[in-house]
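Here is the file run-v4.cif (mmCIF, C-alpha atoms (C1' of nucleotides)).
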```cif
data_coords
loop_
_atom_site.label_atom_id
_atom_site.label_comp_id
_atom_site.auth_asym_id
_atom_site.auth_seq_id
_atom_site.Cartn_x
_atom_site.Cartn_y
_atom_site.Cartn_z
CA MET A 23 50.69 14.06 -47.11
CA GLY A 24 49.64 17.56 -47.54
CA ASN A 25 46.24 17.68 -46.02
CA SER A 26 47.40 21.19 -45.49
CA GLU A 27 43.92 22.49 -45.58
CA ASN A 28 44.25 24.90 -42.73
CA THR A 29 47.68 24.59 -41.12
CA GLU A 30 46.00 23.47 -37.96
CA LYS A 31 47.85 23.58 -34.68
CA PRO A 32 47.26 21.44 -31.59
CA ASP A 33 45.08 24.20 -30.28
CA GLY A 34 43.64 25.49 -33.48
CA GLY A 35 42.12 28.57 -31.97
CA VAL A 36 45.28 30.47 -31.28
CA GLU A 37 46.16 31.77 -34.67
CA ARG A 38 42.60 32.64 -35.49
CA ALA A 39 42.59 35.00 -32.53
CA ALA A 40 45.10 37.19 -34.29
CA THR A 41 42.63 37.73 -37.12
CA ALA A 42 39.74 38.65 -34.90
CA GLN A 43 42.01 40.66 -32.69
CA ALA A 44 42.92 42.70 -35.74
CA GLN A 45 39.21 42.98 -36.50
CA MET A 46 38.51 44.46 -33.11
CA ARG A 47 41.30 46.98 -33.42
CA LYS A 48 39.98 48.33 -36.68
CA GLY A 49 36.99 49.99 -35.17
CA VAL A 50 38.92 51.92 -32.58
CA LEU A 51 41.71 53.17 -34.81
CA GLU A 52 39.98 56.43 -35.57
CA LEU A 53 39.31 57.03 -31.90
CA CYS A 54 42.93 56.42 -30.95
CA ILE A 55 44.35 58.65 -33.66
CA LEU A 56 42.11 61.52 -32.66
CA SER A 57 43.01 60.95 -29.01
CA ILE A 58 46.70 61.07 -29.80
CA LEU A 59 46.28 64.28 -31.75
CA SER A 60 44.39 65.80 -28.84
CA GLN A 61 47.65 65.52 -26.93
CA GLY A 62 49.37 67.71 -29.50
CA ASP A 63 50.12 67.94 -33.19
CA ALA A 64 51.97 65.01 -34.72
CA TYR A 65 53.14 63.72 -38.08
CA PRO A 66 52.23 60.25 -39.37
CA THR A 67 55.41 58.40 -38.44
CA GLU A 68 55.15 59.82 -34.95
CA ILE A 69 51.53 58.69 -34.70
CA ILE A 70 52.48 55.17 -35.73
CA ASP A 71 55.11 55.08 -32.99
CA LYS A 72 52.67 56.24 -30.34
CA LEU A 73 50.14 53.64 -31.44
CA LYS A 74 52.82 50.98 -31.10
CA ASP A 75 53.32 52.04 -27.49
CA THR A 76 49.76 51.04 -26.78
CA LYS A 77 50.00 47.75 -28.67
CA LEU A 78 48.01 49.05 -31.64
CA VAL A 79 50.29 48.29 -34.56
CA VAL A 80 49.34 50.16 -37.71
CA VAL A 81 51.17 50.49 -41.01
CA GLU A 82 51.51 53.41 -43.36
CA GLY A 83 49.13 52.02 -45.93
CA THR A 84 46.42 52.14 -43.30
CA LEU A 85 47.24 55.41 -41.63
CA TYR A 86 47.75 57.76 -44.56
CA PRO A 87 44.39 57.23 -46.24
CA LEU A 88 42.70 57.46 -42.87
CA LEU A 89 44.35 60.79 -42.06
CA THR A 90 43.39 62.10 -45.48
CA ARG A 91 39.82 61.05 -44.88
CA LEU A 92 39.72 62.76 -41.51
CA LYS A 93 41.21 65.89 -43.03
CA ASN A 94 38.69 65.93 -45.89
CA THR A 95 35.80 65.75 -43.47
CA GLY A 96 37.14 68.68 -41.50
CA LEU A 97 38.15 66.82 -38.36
CA LEU A 98 41.84 67.43 -38.94
CA GLY A 99 44.00 70.14 -40.44
CA TYR A 100 47.70 70.07 -41.20
CA ARG A 101 50.78 72.16 -41.80
CA TRP A 102 54.17 71.39 -43.35
CA GLU A 103 57.23 71.68 -41.23
CA GLU A 104 60.88 71.40 -42.19
CA SER A 105 63.01 68.62 -40.78
CA THR A 106 66.79 68.50 -40.39
CA SER A 107 66.83 64.76 -40.86
CA GLY A 108 64.85 64.13 -44.01
CA PRO A 109 61.93 65.41 -46.03
CA PRO A 110 59.43 67.86 -44.58
CA ARG A 111 56.87 66.53 -42.14
CA LYS A 112 53.14 66.91 -42.39
CA TYR A 113 51.94 67.81 -38.91
CA TYR A 114 48.29 67.03 -38.32
CA LYS A 115 46.19 69.00 -35.91
CA LEU A 116 42.82 68.41 -34.36
CA THR A 117 40.24 71.00 -35.45
CA GLU A 118 37.50 72.29 -33.21
CA ILE A 119 34.97 70.04 -34.91
CA GLY A 120 37.41 67.19 -34.53
CA ALA A 121 37.69 67.79 -30.81
CA GLN A 122 33.93 67.78 -30.42
CA TYR A 123 33.66 64.66 -32.51
CA LEU A 124 36.32 63.01 -30.38
CA LYS A 125 34.26 63.58 -27.26
CA GLU A 126 31.32 61.83 -28.88
CA LEU A 127 33.50 58.95 -29.96
CA GLN A 128 34.84 58.55 -26.45
CA LEU A 129 31.29 58.39 -25.17
CA SER A 130 30.36 55.75 -27.74
CA TRP A 131 33.45 53.79 -26.83
CA GLY A 132 32.49 53.79 -23.15
CA GLU A 133 29.00 52.55 -23.96
CA LEU A 134 30.34 49.83 -26.20
CA VAL A 135 32.77 48.60 -23.57
CA GLU A 136 29.98 48.43 -21.03
CA ALA A 137 27.68 46.55 -23.41
CA VAL A 138 30.29 44.02 -24.42
CA ASN A 139 31.47 43.44 -20.88
CA LYS A 140 27.91 42.81 -19.81
CA THR A 141 27.55 40.16 -22.49
CA ILE A 142 30.86 38.58 -21.60
CA GLU A 143 30.06 38.44 -17.92
CA LYS A 144 26.79 36.63 -18.50
CA GLY A 145 28.66 34.04 -20.50
CA LYS A 146 31.36 33.43 -17.96
CA ASN A 147 28.88 32.00 -15.48
CA ASN A 148 28.10 29.19 -17.88
CA ILE A 149 31.53 28.14 -19.01
CA MET B 17 33.37 61.32 -48.67
CA GLY B 18 33.83 63.85 -51.42
CA ASN B 19 31.97 66.84 -50.18
CA SER B 20 32.93 69.18 -52.96
CA GLU B 21 30.08 71.40 -51.91
CA ASN B 22 28.95 72.22 -48.47
CA THR B 23 26.86 69.43 -47.10
CA GLU B 24 28.04 70.46 -43.69
CA LYS B 25 25.61 70.86 -40.85
CA PRO B 26 25.84 73.20 -37.88
CA ASP B 27 27.16 70.39 -35.74
CA GLY B 28 28.80 68.27 -38.36
CA GLY B 29 30.22 65.78 -35.91
CA VAL B 30 27.04 64.30 -34.58
CA GLU B 31 25.95 62.21 -37.50
CA ARG B 32 29.47 61.05 -38.18
CA ALA B 33 29.56 59.49 -34.75
CA ALA B 34 26.94 56.98 -35.80
CA THR B 35 29.20 55.77 -38.59
CA ALA B 36 32.27 55.39 -36.44
CA GLN B 37 30.16 53.88 -33.71
CA ALA B 38 29.12 51.25 -36.19
CA GLN B 39 32.75 50.83 -37.13
CA MET B 40 33.71 50.09 -33.55
CA ARG B 41 30.96 47.55 -33.14
CA LYS B 42 32.11 45.53 -36.09
CA GLY B 43 35.18 44.17 -34.42
CA VAL B 44 33.40 42.89 -31.35
CA LEU B 45 30.48 41.20 -33.04
CA GLU B 46 32.19 37.83 -33.19
CA LEU B 47 33.13 38.07 -29.53
CA CYS B 48 29.58 38.89 -28.48
CA ILE B 49 28.01 36.13 -30.53
CA LEU B 50 30.33 33.53 -29.08
CA SER B 51 29.70 34.89 -25.60
CA ILE B 52 25.96 34.60 -26.08
CA LEU B 53 26.29 31.03 -27.30
CA SER B 54 28.41 30.19 -24.27
CA GLN B 55 25.29 30.88 -22.23
CA GLY B 56 23.44 28.18 -24.13
CA ASP B 57 22.43 27.14 -27.63
CA ALA B 58 20.44 29.66 -29.61
CA TYR B 59 19.02 30.21 -33.08
CA PRO B 60 19.76 33.31 -35.17
CA THR B 61 16.63 35.30 -34.43
CA GLU B 62 17.18 34.67 -30.74
CA ILE B 63 20.78 35.86 -31.01
CA ILE B 64 19.70 39.06 -32.69
CA ASP B 65 17.26 39.75 -29.87
CA LYS B 66 19.90 39.19 -27.22
CA LEU B 67 22.31 41.50 -29.03
CA LYS B 68 19.60 44.15 -29.08
CA ASP B 69 19.37 43.91 -25.32
CA THR B 70 22.96 45.06 -25.08
CA LYS B 71 22.51 47.85 -27.63
CA LEU B 72 24.32 45.95 -30.37
CA VAL B 73 21.83 46.03 -33.22
CA VAL B 74 22.59 43.52 -35.95
CA VAL B 75 20.55 42.46 -38.94
CA GLU B 76 20.08 39.09 -40.58
CA GLY B 77 22.26 39.88 -43.56
CA THR B 78 25.14 40.36 -41.19
CA LEU B 79 24.51 37.52 -38.81
CA TYR B 80 23.85 34.62 -41.17
CA PRO B 81 27.09 34.80 -43.13
CA LEU B 82 28.99 35.28 -39.89
CA LEU B 83 27.44 32.21 -38.28
CA THR B 84 28.19 30.17 -41.38
CA ARG B 85 31.78 31.30 -41.26
CA LEU B 86 32.12 30.38 -37.61
CA LYS B 87 30.57 27.01 -38.32
CA ASN B 88 32.88 26.35 -41.25
CA THR B 89 35.92 27.04 -39.13
CA GLY B 90 34.77 24.61 -36.49
CA LEU B 91 33.97 27.12 -33.76
CA LEU B 92 30.26 26.39 -33.92
CA GLY B 93 28.05 23.42 -34.62
CA TYR B 94 24.30 23.31 -35.11
CA ARG B 95 21.21 21.14 -35.00
CA TRP B 96 17.71 21.54 -36.39
CA GLU B 97 14.81 21.71 -34.04
CA GLU B 98 11.09 21.75 -34.75
CA SER B 99 9.01 24.76 -33.82
CA THR B 100 5.29 24.94 -33.14
CA SER B 101 5.10 28.48 -34.42
CA GLY B 102 6.84 28.40 -37.78
CA PRO B 103 9.64 26.76 -39.70
CA PRO B 104 12.32 24.69 -37.96
CA ARG B 105 15.02 26.53 -36.11
CA LYS B 106 18.75 26.12 -36.56
CA TYR B 107 20.20 26.02 -33.07
CA TYR B 108 23.86 26.93 -32.96
CA LYS B 109 26.16 25.52 -30.33
CA LEU B 110 29.64 26.44 -29.19
CA THR B 111 32.16 23.67 -29.87
CA GLU B 112 35.07 22.90 -27.59
CA ILE B 113 37.43 24.72 -29.91
CA GLY B 114 34.98 27.57 -30.00
CA ALA B 115 34.95 27.82 -26.23
CA GLN B 116 38.73 27.92 -26.10
CA TYR B 117 38.80 30.50 -28.85
CA LEU B 118 36.28 32.58 -26.97
CA LYS B 119 38.56 32.72 -23.95
CA GLU B 120 41.37 34.04 -26.11
CA LEU B 121 39.09 36.62 -27.66
CA GLN B 122 37.98 37.79 -24.23
CA LEU B 123 41.61 38.22 -23.28
CA SER B 124 42.32 40.21 -26.42
CA TRP B 125 39.29 42.33 -25.74
CA GLY B 126 40.51 43.14 -22.24
CA GLU B 127 43.91 44.14 -23.54
CA LEU B 128 42.39 46.30 -26.24
CA VAL B 129 40.15 48.10 -23.78
CA GLU B 130 43.10 48.81 -21.55
CA ALA B 131 45.23 50.08 -24.43
CA VAL B 132 42.53 52.35 -25.79
CA ASN B 133 41.59 53.71 -22.40
CA LYS B 134 45.22 54.53 -21.74
CA THR B 135 45.38 56.50 -24.97
CA ILE B 136 42.14 58.28 -24.23
CA GLU B 137 43.20 59.23 -20.73
CA LYS B 138 46.42 60.82 -21.92
CA GLY B 139 44.41 62.91 -24.32
CA LYS B 140 41.90 64.12 -21.78
CA ASN B 141 44.57 66.00 -19.86
CA ASN B 142 45.19 68.20 -22.85
CA ILE B 143 41.70 69.06 -23.95
"C1'" DT C 12 -9.44 24.56 -49.70
"C1'" DT C 13 -7.41 28.90 -50.25
"C1'" DT C 14 -5.59 32.93 -48.32
"C1'" DT C 15 -3.20 35.60 -44.94
"C1'" DA C 16 0.00 36.57 -41.29
"C1'" DG C 17 3.83 35.42 -38.71
"C1'" DT C 18 8.26 33.31 -38.20
"C1'" DA C 19 12.69 31.80 -39.81
"C1'" DC C 20 16.42 30.90 -42.84
"C1'" DC C 21 19.24 32.11 -47.06
"C1'" DT C 22 21.43 34.71 -51.08
"C1'" DT C 23 23.16 38.50 -53.85
"C1'" DG C 24 25.06 42.97 -54.70
"C1'" DT C 25 27.30 47.19 -52.93
"C1'" DG C 26 30.25 50.36 -50.44
"C1'" DT C 27 33.70 50.93 -47.01
"C1'" DT C 28 37.96 49.89 -45.07
"C1'" DA C 29 42.59 48.06 -43.68
"C1'" DC C 30 46.40 46.27 -45.61
"C1'" DA C 31 50.23 44.84 -48.80
"C1'" DT C 32 53.05 46.59 -52.10
"C1'" DA C 33 55.48 49.70 -54.71
"C1'" DG C 34 56.89 54.25 -55.73
"C1'" DT C 35 58.46 59.22 -55.17
"C1'" DA C 36 61.19 62.71 -52.87
"C1'" DC C 37 64.11 65.00 -49.62
"C1'" DT C 38 68.47 65.14 -46.53
"C1'" DA C 39 73.01 63.98 -45.00
"C1'" DA C 40 77.03 61.34 -45.00
"C1'" DA C 41 80.37 58.29 -47.34
"C1'" DT D 16 77.82 60.57 -57.05
"C1'" DT D 17 76.21 57.02 -54.50
"C1'" DT D 18 74.07 55.16 -50.39
"C1'" DA D 19 71.16 55.10 -46.38
"C1'" DG D 20 67.62 56.93 -43.74
"C1'" DT D 21 63.31 59.30 -43.34
"C1'" DA D 22 58.78 60.61 -44.90
"C1'" DC D 23 54.80 61.04 -47.77
"C1'" DT D 24 51.76 59.01 -51.65
"C1'" DA D 25 49.24 55.85 -54.81
"C1'" DT D 26 47.20 51.45 -56.40
"C1'" DG D 27 45.17 47.00 -56.08
"C1'" DT D 28 42.95 43.43 -53.17
"C1'" DA D 29 40.33 40.93 -49.77
"C1'" DA D 30 37.26 41.02 -45.93
"C1'" DC D 31 33.24 42.58 -43.96
"C1'" DA D 32 28.61 44.60 -42.67
"C1'" DC D 33 24.55 45.73 -44.55
"C1'" DA D 34 20.45 46.48 -47.60
"C1'" DA D 35 17.20 44.22 -50.16
"C1'" DG D 36 14.90 40.50 -51.93
"C1'" DG D 37 13.72 35.55 -51.87
"C1'" DT D 38 12.21 30.86 -50.13
"C1'" DA D 39 9.78 27.95 -46.97
"C1'" DC D 40 7.21 26.36 -43.03
"C1'" DT D 41 3.08 26.74 -39.59
"C1'" DA D 42 -1.39 28.05 -37.99
"C1'" DA D 43 -5.56 30.39 -38.27
"C1'" DA D 44 -9.07 32.92 -40.82
"C1'" DA D 45 -12.17 33.22 -44.92
#
```

What is this file in structure tokens?
Amino acid sequence: MGNSENTEKPDGGVERAATAQAQMRKGVLELCILSILSQGDAYPTEIIDKLKDTKLVVVEGTLYPLLTRLKNTGLLGYRWEESTSGPPRKYYKLTEIGAQYLKELQLSWGELVEAVNKTIEKGKNNI
Amino acid sequence: MGNSENTEKPDGGVERAATAQAQMRKGVLELCILSILSQGDAYPTEIIDKLKDTKLVVVEGTLYPLLTRLKNTGLLGYRWEESTSGPPRKYYKLTEIGAQYLKELQLSWGELVEAVNKTIEKGKNNI
DNA sequence: TTTTAGTACCTTGTGTTACATAGTACTAAA
DNA sequence: TTTAGTACTATGTAACACAAGGTACTAAAA
């Protein structure tokens, strides 16, 4: 019965794509968070919501350590702000260094997209 | 990175970009390797060279485990082939499942690029 | 024959990172 | 006082890329 080795589906590729899709997202998380903060200060829950809008689903356990890391390296600062609907919010803000770093990241992103697309295009001729 | 002291450089962002750049590349490695193999069978050293052409530098220690993983999940197959200039080469080949999976990955990639670019564009208005 | 150089594949250990999970704390309303 | 909603924090785990070192095969030089 249970040759349930790998829960294979008729087209076994589909559910694997989710894994690799997640893989691809990882690398650009930092870029997206900095981009969002360049639009204005925001607190974590707000950032998560904005990422959802662009199909990049991220959970707290991922975001908080990342924000702390970015803060510790001087790319972000933060301030506390009262809220009328719960505990105080930690608003993060892009520093000057962070803004400069963001520009570099955007450049790298553009180069990566170009490189990958070039590789993909070559392949498409032979499928 | 616990910089308790001041390891900071005048333009602290620059060398951090290399790290995050590497981060971003990680997610697309699988996509690129499958794309390359869709152009025809290839052995590891050959794949590394082709990746270099598109600015995606990868080393053996990264590629070999990845190829083995892709093989074990049925996305790749391989055959040995003699060489006149050294040891035999292990030619990897995209399987049918692998080809289908590649198409899905390419789709995911396109969606990701669009999502990230949308986020970046919003930010650029406010810098 | 032995040595050297070049090519190619493989393995192990390490550090980073995203995520799942669980926990703490504050506010407002029932 | 309890409950629900919001928000931030901490801990443990698994995956992954990479550095570094190792094995093995061929051909040509000594």

Can you superpose chain A onto chain B by least squares over all C-alpha atoms paired in order and give the moved copy as a short mmCIF file (atom, residue, chain, number, x, y, z; two decimals) with C-alpha atoms, keeping the file's coordinate frame?
```
data_model
loop_
_atom_site.label_atom_id
_atom_site.label_comp_id
_atom_site.auth_asym_id
_atom_site.auth_seq_id
_atom_site.Cartn_x
_atom_site.Cartn_y
_atom_site.Cartn_z
CA MET A 23 23.27 76.04 -54.68
CA GLY A 24 24.17 72.50 -54.22
CA ASN A 25 27.59 72.62 -52.75
CA SER A 26 26.30 69.41 -51.34
CA GLU A 27 29.72 67.98 -51.13
CA ASN A 28 29.36 66.39 -47.76
CA THR A 29 25.97 67.24 -46.25
CA GLU A 30 27.76 69.05 -43.49
CA LYS A 31 25.98 69.85 -40.27
CA PRO A 32 26.71 72.67 -37.83
CA ASP A 33 28.81 70.24 -35.88
CA GLY A 34 30.13 68.12 -38.67
CA GLY A 35 31.56 65.46 -36.44
CA VAL A 36 28.34 63.94 -35.26
CA GLU A 37 27.34 61.86 -38.20
CA ARG A 38 30.84 60.66 -38.81
CA ALA A 39 30.82 59.12 -35.35
CA ALA A 40 28.19 56.67 -36.48
CA THR A 41 30.58 55.33 -39.10
CA ALA A 42 33.47 54.87 -36.75
CA GLN A 43 31.17 53.59 -34.08
CA ALA A 44 30.12 50.89 -36.50
CA GLN A 45 33.80 50.26 -37.20
CA MET A 46 34.51 49.66 -33.56
CA ARG A 47 31.61 47.26 -33.19
CA LYS A 48 32.81 45.08 -36.02
CA GLY A 49 35.76 43.72 -34.17
CA VAL A 50 33.81 42.60 -31.15
CA LEU A 51 30.93 40.95 -32.97
CA GLU A 52 32.51 37.53 -32.89
CA LEU A 53 33.23 37.85 -29.20
CA CYS A 54 29.66 38.83 -28.40
CA ILE A 55 28.10 36.05 -30.44
CA LEU A 56 30.24 33.44 -28.77
CA SER A 57 29.44 34.95 -25.38
CA ILE A 58 25.73 34.79 -26.07
CA LEU A 59 25.98 31.18 -27.15
CA SER A 60 27.87 30.36 -23.97
CA GLN A 61 24.66 31.26 -22.16
CA GLY A 62 22.81 28.57 -24.08
CA ASP A 63 21.97 27.45 -27.58
CA ALA A 64 20.21 29.97 -29.79
CA TYR A 65 19.02 30.42 -33.35
CA PRO A 66 20.05 33.41 -35.49
CA THR A 67 16.96 35.57 -35.02
CA GLU A 68 17.24 35.07 -31.29
CA ILE A 69 20.90 36.07 -31.37
CA ILE A 70 20.07 39.25 -33.25
CA ASP A 71 17.50 40.14 -30.59
CA LYS A 72 19.95 39.59 -27.76
CA LEU A 73 22.56 41.71 -29.51
CA LYS A 74 19.99 44.48 -29.83
CA ASP A 75 19.52 44.39 -26.06
CA THR A 76 23.14 45.38 -25.66
CA LYS A 77 22.99 48.10 -28.32
CA LEU A 78 24.86 46.00 -30.88
CA VAL A 79 22.56 46.10 -33.88
CA VAL A 80 23.37 43.46 -36.46
CA VAL A 81 21.46 42.39 -39.55
CA GLU A 82 20.96 38.98 -41.08
CA GLY A 83 23.34 39.58 -43.94
CA THR A 84 26.09 40.00 -41.40
CA LEU A 85 25.18 37.30 -38.95
CA TYR A 86 24.51 34.31 -41.18
CA PRO A 87 27.86 34.25 -42.97
CA LEU A 88 29.61 34.81 -39.67
CA LEU A 89 27.84 31.87 -38.03
CA THR A 90 28.68 29.69 -41.01
CA ARG A 91 32.30 30.71 -40.73
CA LEU A 92 32.40 29.90 -37.04
CA LYS A 93 30.76 26.55 -37.71
CA ASN A 94 33.21 25.68 -40.49
CA THR A 95 36.16 26.34 -38.22
CA GLY A 96 34.74 24.07 -35.56
CA LEU A 97 33.87 26.70 -32.98
CA LEU A 98 30.15 26.13 -33.35
CA GLY A 99 27.85 23.22 -34.10
CA TYR A 100 24.14 23.26 -34.82
CA ARG A 101 20.97 21.22 -34.84
CA TRP A 102 17.58 21.72 -36.50
CA GLU A 103 14.56 22.11 -34.35
CA GLU A 104 10.90 22.30 -35.31
CA SER A 105 8.91 25.43 -34.63
CA THR A 106 5.15 25.81 -34.25
CA SER A 107 5.25 29.31 -35.65
CA GLY A 108 7.19 29.04 -38.87
CA PRO A 109 10.01 27.17 -40.53
CA PRO A 110 12.44 25.05 -38.53
CA ARG A 111 15.10 26.84 -36.53
CA LYS A 112 18.81 26.25 -36.71
CA TYR A 113 20.04 26.21 -33.13
CA TYR A 114 23.73 26.95 -32.79
CA LYS A 115 25.80 25.56 -29.98
CA LEU A 116 29.22 26.38 -28.66
CA THR A 117 31.67 23.49 -29.09
CA GLU A 118 34.41 22.68 -26.62
CA ILE A 119 36.99 24.32 -28.86
CA GLY A 120 34.67 27.28 -29.19
CA ALA A 121 34.44 27.65 -25.44
CA GLN A 122 38.21 27.59 -25.10
CA TYR A 123 38.56 30.07 -27.91
CA LEU A 124 36.01 32.32 -26.24
CA LYS A 125 38.11 32.46 -23.10
CA GLU A 126 41.08 33.62 -25.14
CA LEU A 127 39.00 36.23 -26.89
CA GLN A 128 37.75 37.56 -23.58
CA LEU A 129 41.33 37.88 -22.42
CA SER A 130 42.31 39.74 -25.58
CA TRP A 131 39.32 42.00 -25.17
CA GLY A 132 40.35 42.89 -21.62
CA GLU A 133 43.87 43.73 -22.75
CA LEU A 134 42.60 45.85 -25.59
CA VAL A 135 40.27 47.81 -23.34
CA GLU A 136 43.12 48.49 -20.95
CA ALA A 137 45.44 49.61 -23.75
CA VAL A 138 42.91 51.92 -25.34
CA ASN A 139 41.83 53.42 -22.05
CA LYS A 140 45.43 54.14 -21.21
CA THR A 141 45.84 56.01 -24.48
CA ILE A 142 42.62 57.91 -23.98
CA GLU A 143 43.50 58.94 -20.47
CA LYS A 144 46.82 60.40 -21.52
CA GLY A 145 45.02 62.48 -24.09
CA LYS A 146 42.40 63.83 -21.76
CA ASN A 147 44.98 65.73 -19.75
CA ASN A 148 45.82 67.81 -22.79
CA ILE A 149 42.42 68.69 -24.11
#
```

Exercise for review: Please provide as a ChimeraX atom specification all residues within 7 Å of segment 17-31 of chain D, with the sequence filter that same-chain residues fewer than 5 positions apart are discarded (counting all atoms listed in the file).
Suggested key: /A:107-109,111

For those residues, write C-alpha atoms to a file as a PDB file, in the frame of the given file.
```pdb
ATOM      1  CA  SER A 107      66.830  64.760 -40.860  1.00  0.00           C
ATOM      2  CA  GLY A 108      64.850  64.130 -44.010  1.00  0.00           C
ATOM      3  CA  PRO A 109      61.930  65.410 -46.030  1.00  0.00           C
ATOM      4  CA  ARG A 111      56.870  66.530 -42.140  1.00  0.00           C
TER       5      ARG A 111
END
```

Do you have, as a Markdown table, the list of residues of chain A lying at most 10 Å from chain D, each with its nearest atom pair and that distance in Å to one decimal, counting only C-alpha atoms (C1' of nucleotides) and ordered by chain then number?
```
| residue | atom | partner | partner_atom | distance |
| --- | --- | --- | --- | --- |
| A:Gln45 | CA | D:DC31 | C1' | 9.6 |
| A:Tyr65 | CA | D:DA22 | C1' | 9.4 |
| A:Pro66 | CA | D:DA22 | C1' | 8.6 |
| A:Thr67 | CA | D:DA22 | C1' | 7.6 |
| A:Glu82 | CA | D:DC23 | C1' | 9.4 |
| A:Gly83 | CA | D:DT24 | C1' | 9.4 |
| A:Tyr86 | CA | D:DT24 | C1' | 8.2 |
| A:Pro87 | CA | D:DT24 | C1' | 9.3 |
| A:Ser105 | CA | D:DT21 | C1' | 9.7 |
| A:Ser107 | CA | D:DT21 | C1' | 7.0 |
| A:Gly108 | CA | D:DT21 | C1' | 5.1 |
| A:Pro109 | CA | D:DA22 | C1' | 5.9 |
| A:Pro110 | CA | D:DA22 | C1' | 7.3 |
| A:Arg111 | CA | D:DA22 | C1' | 6.8 |
| A:Lys112 | CA | D:DC23 | C1' | 8.1 |
```

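For chain A, the residues within 6 Å of chain B are A:Gly35, A:Gln45, A:Met46, A:Gly49, A:Val50, A:Ser57, A:Ser60, A:Gln61, A:Thr76, A:Tyr123, A:Ala137, A:Ile142, A:Gly145, A:Asn148, with only C-alpha atoms used to measure distance.
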
Check your understanding: Could you work out how far atom C1' of DT27 of chain C lies from atom CA of Ile64 of chain B, giving the answer in Å with one decimal?
Key ->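 Between atom CA of Ile64 of chain B and atom C1' of DT27 of chain C the gap is 23.3 Å.
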
**Study point:** Two-atom distance - atom CA of Leu86 of chain B, atom CA of Leu88 of chain A (Å)
**Key:**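 Distance between the two atoms: 29.5 Å.
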
Kindly provide the residues of chain C that approach chain B to within 10 Å, each paired with its closest atom pair and their distance in Å to one decimal, based on only C-alpha atoms (C1' of nucleotides), listed by chain and increasing number, as CSV.
```
residue,atom,partner,partner_atom,distance
C:DG17,C1',B:Gly102,CA,7.7
C:DT18,C1',B:Gly102,CA,5.1
C:DA19,C1',B:Pro103,CA,5.9
C:DC20,C1',B:Arg105,CA,8.1
C:DC21,C1',B:Tyr80,CA,7.9
C:DT22,C1',B:Gly77,CA,9.2
C:DT27,C1',B:Gln39,CA,9.9
C:DT28,C1',B:Gln39,CA,9.5
```

**Study point:** Resolved residues for the PyMOL selection byres ((chain A and resi 115) around 8) as a list in words
**Key:**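 When the PyMOL selection byres ((chain A and resi 115) around 8) is applied to the shown file, the picked residues are Leu59, Ser60, Gly62, Asp63, Ala64, Leu98, Gly99, Tyr100, Tyr113, Tyr114, Leu116 and Thr117 of chain A.
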
Let's have the selection written as a compact mmCIF listing (two decimals), in the frame of the given file, with C-alpha atoms.
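Wrote out_12.txt, looks like this:
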```txt
# COMPACT_ATOMS: atom_id res chain seq x y z
CA LEU A 59 46.28 64.28 -31.75
CA SER A 60 44.39 65.80 -28.84
CA GLY A 62 49.37 67.71 -29.50
CA ASP A 63 50.12 67.94 -33.19
CA ALA A 64 51.97 65.01 -34.72
CA LEU A 98 41.84 67.43 -38.94
CA GLY A 99 44.00 70.14 -40.44
CA TYR A 100 47.70 70.07 -41.20
CA TYR A 113 51.94 67.81 -38.91
CA TYR A 114 48.29 67.03 -38.32
CA LEU A 116 42.82 68.41 -34.36
CA THR A 117 40.24 71.00 -35.45
```

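The gap separating atom C1' of DA29 of chain C from atom CA of Leu85 of chain A is 8.9 Å, in Å to one decimal.
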